[in-house]
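Written out below as structure tokens is the structure these notes cover.
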Amino acid sequence: MKKYIFSLAAFIVLYIGAMYFVQENTSIKPAGQPKAGMSDFFAELKQPSSTAVAQAETQHIMTPQEEEALKLKAERERLAREQAQAEAARLKAETEKRDALFASKGLVNAESLPVKLFLDIRYATENNFAGQKMYTSDKCYLQQDAAEALAKAAQYAAQEDSPFYLCLYDCYRPLSAQKTMWDIHPVPGQVANPKTGSNHNRGTAIDLGPCDANGYPLEVPTQFDDFSEQAYAYAREGVSPAAQNNRAALQKVMRKAGFTTIRKEWWHFNYKNANKYPIVDLEF
């Protein structure tokens, strides 16, 4: 062991000596400068490289004002995160409370179903025939039986030769919204009279369309809430072959799951025995 340590020490000494010799004989020094000693050699080894010196020279030292601005930015970001978390918690609590209220009337939130669905609840936006927002919630509620049938329809759609998904436009509709629609467009067959109510008010009707895996609508005869004849469930004139095929595929899976169509709206489907369910008057 001692022999090994002695050999290693001898190697280190020889290596340092060699480096010193190379430096002294290859470095360019000003005329008249005395020859450097070993102590000078070790001092040079300890000096930082030119790259390190350049980096140190260019490193920015923040001013007190910049430090304060950085602290303010971090504080704003912290507050924004806390506000976002608080808002998420509020919405979650609000949804849970509403779900419990609707469940007491036999209605379930479609987002609880074990299938992939896309929601585009139009009456929670201004993108509808009335051009105004009528719901404060963009959720889809349906009677338990109708919800389970919708889940089956989604599964059937995924099993088609050309698989597709379901995008929901309207489900349960508050009676107050039905009255607003009737005031704007009191045309039987296109808007139900609130005196008798719509199957939407019962939670047994659903408006929907076919879409791709990203929720982008497939080609269909017309836009949702269109009152033209091209919007009829079996219209052909003015309807492209691709739109007819997508409409037929939607009708196929919905019928198989227990829904029926209506004549004037390709997007509207009633669950079987829809009229036997009571009208539910819950606001959202």
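Just remember, in the structure tokens the first chain shown is A, the second B, etc., residues are 1-based per chain, and ligands are 1-based in the order shown.
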Long-range neighbours of Ala147 (chain A) as a PyMOL selection string, 12 Å cut-off, only C-alpha atoms, 2 positions minimum in chain: chain A and resi 106-115+117+140-145+149-154+168+171-172+203-206+254+257-259+270-271
Secondary structure check, alpha helix (DSSP H) residues of region 26-250 of chain A, as a PyMOL selection string: chain A and resi 26+38-46+50-58+64-103+144-158+175-184+199-202+241-250
Taking C-alpha atoms for each residue, export the selection above as a tab-separated table (two decimals), in the first residue's frame.
chain	number	residue	atom	x	y	z
A	26	THR	CA	5.72	28.08	-24.62
A	38	MET	CA	6.61	27.45	-9.05
A	39	SER	CA	4.58	29.70	-6.69
A	40	ASP	CA	3.65	31.91	-9.63
A	41	PHE	CA	2.64	28.84	-11.61
A	42	PHE	CA	0.24	27.68	-8.88
A	43	ALA	CA	-1.15	31.22	-8.58
A	44	GLU	CA	-1.97	31.21	-12.28
A	45	LEU	CA	-3.73	27.86	-11.92
A	46	LYS	CA	-6.00	29.37	-9.25
A	50	SER	CA	-11.15	34.34	-19.28
A	51	THR	CA	-14.63	32.89	-19.94
A	52	ALA	CA	-15.48	32.90	-16.24
A	53	VAL	CA	-14.20	36.48	-15.92
A	54	ALA	CA	-16.31	37.57	-18.90
A	55	GLN	CA	-19.40	35.92	-17.46
A	56	ALA	CA	-18.82	37.57	-14.09
A	57	GLU	CA	-18.37	40.96	-15.78
A	58	THR	CA	-21.59	40.63	-17.76
A	64	PRO	CA	-33.44	47.79	-5.52
A	65	GLN	CA	-36.25	48.91	-7.86
A	66	GLU	CA	-35.88	45.74	-9.96
A	67	GLU	CA	-35.88	43.55	-6.85
A	68	GLU	CA	-39.07	45.23	-5.65
A	69	ALA	CA	-40.72	44.78	-9.06
A	70	LEU	CA	-39.80	41.08	-9.01
A	71	LYS	CA	-41.32	40.69	-5.55
A	72	LEU	CA	-44.52	42.42	-6.67
A	73	LYS	CA	-44.76	40.15	-9.72
A	74	ALA	CA	-44.35	37.04	-7.56
A	75	GLU	CA	-47.01	38.33	-5.17
A	76	ARG	CA	-49.46	39.00	-8.02
A	77	GLU	CA	-48.91	35.50	-9.39
A	78	ARG	CA	-49.48	34.02	-5.94
A	79	LEU	CA	-52.73	35.96	-5.51
A	80	ALA	CA	-53.88	34.93	-9.02
A	81	ARG	CA	-53.27	31.25	-8.19
A	82	GLU	CA	-55.16	31.56	-4.93
A	83	GLN	CA	-58.08	33.29	-6.66
A	84	ALA	CA	-58.20	30.62	-9.37
A	85	GLN	CA	-58.19	27.88	-6.74
A	86	ALA	CA	-60.93	29.63	-4.77
A	87	GLU	CA	-63.06	30.05	-7.91
A	88	ALA	CA	-62.58	26.40	-8.84
A	89	ALA	CA	-63.62	25.37	-5.33
A	90	ARG	CA	-66.68	27.65	-5.50
A	91	LEU	CA	-67.80	26.23	-8.86
A	92	LYS	CA	-67.28	22.69	-7.62
A	93	ALA	CA	-69.38	23.33	-4.51
A	94	GLU	CA	-72.05	25.04	-6.60
A	95	THR	CA	-72.21	22.10	-9.03
A	96	GLU	CA	-72.38	19.55	-6.20
A	97	LYS	CA	-75.22	21.50	-4.58
A	98	ARG	CA	-77.11	21.74	-7.88
A	99	ASP	CA	-76.51	18.06	-8.66
A	100	ALA	CA	-78.02	17.12	-5.29
A	101	LEU	CA	-81.06	19.34	-5.92
A	102	PHE	CA	-81.65	17.89	-9.39
A	103	ALA	CA	-81.07	14.36	-8.12
A	144	GLN	CA	-81.95	8.77	-14.91
A	145	ASP	CA	-83.43	6.47	-17.59
A	146	ALA	CA	-82.76	8.96	-20.37
A	147	ALA	CA	-79.20	9.55	-19.13
A	148	GLU	CA	-78.44	5.83	-19.13
A	149	ALA	CA	-79.88	5.55	-22.65
A	150	LEU	CA	-77.67	8.46	-23.76
A	151	ALA	CA	-74.63	6.59	-22.45
A	152	LYS	CA	-75.65	3.57	-24.54
A	153	ALA	CA	-76.03	5.77	-27.62
A	154	ALA	CA	-72.50	7.13	-27.07
A	155	GLN	CA	-71.18	3.57	-26.87
A	156	TYR	CA	-73.02	2.59	-30.06
A	157	ALA	CA	-71.58	5.66	-31.84
A	158	ALA	CA	-68.05	4.59	-30.87
A	175	LEU	CA	-89.73	26.35	-17.50
A	176	SER	CA	-88.77	30.04	-17.33
A	177	ALA	CA	-86.52	29.57	-20.37
A	178	GLN	CA	-89.37	27.82	-22.19
A	179	LYS	CA	-91.58	30.88	-21.59
A	180	THR	CA	-88.86	33.18	-22.93
A	181	MET	CA	-88.49	31.08	-26.08
A	182	TRP	CA	-92.26	31.07	-26.65
A	183	ASP	CA	-92.43	34.85	-26.24
A	184	ILE	CA	-89.74	35.25	-28.90
A	199	ASN	CA	-90.04	17.23	-23.00
A	200	HIS	CA	-86.96	19.31	-22.29
A	201	ASN	CA	-88.82	20.59	-19.21
A	202	ARG	CA	-89.21	16.96	-18.15
A	241	PRO	CA	-74.84	13.47	-49.01
A	242	ALA	CA	-72.25	13.71	-46.22
A	243	ALA	CA	-74.70	15.60	-44.00
A	244	GLN	CA	-77.42	13.03	-44.73
A	245	ASN	CA	-75.07	10.17	-43.82
A	246	ASN	CA	-74.01	11.80	-40.55
A	247	ARG	CA	-77.63	12.54	-39.67
A	248	ALA	CA	-78.62	8.94	-40.44
A	249	ALA	CA	-75.78	7.60	-38.27
A	250	LEU	CA	-76.91	9.83	-35.39
Among the residues A:Asp170, A:Asp138, A:Glu265, A:Asp281, the one that comes closest to Asp226 (chain A) [using only C-alpha atoms]: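 With only C-alpha atoms as the atom set, the closest residue is A:Glu265.
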Among the residues A:Arg263, A:Lys116, A:Arg255, A:Lys195, the one that comes closest to Ile279 (chain A) [using only C-alpha atoms]: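 Residue with the minimum atom-to-atom distance to Ile279 (chain A): A:Lys195.
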Near region 207-212 of chain A, 6 Å: region 108-171 of chain A residue rows, closest pairs, only C-alpha atoms, as CSV:
residue,atom,partner,partner_atom,distance
A:Phe164,CA,A:Asp212,CA,5.4
A:Tyr165,CA,A:Cys211,CA,5.2
A:Leu166,CA,A:Pro210,CA,5.0
A:Cys167,CA,A:Gly209,CA,5.3
A:Leu168,CA,A:Leu208,CA,4.4
A:Tyr169,CA,A:Leu208,CA,5.2
A:Asp170,CA,A:Asp207,CA,5.0
Residue set, region 60-213 of chain A restricted to strand (DSSP E or B), as a list in words: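 The strand (DSSP E or B) subset of region 60-213 of chain A is Leu107, Val108, Asn109, Leu117, Phe118, Leu119, Tyr141, Leu142, Gln143, Tyr165, Leu166, Cys167, Leu168, Tyr169, Asp170, Ala205, Ile206, Asp207, Leu208, Gly209, Pro210 and Cys211 of chain A.
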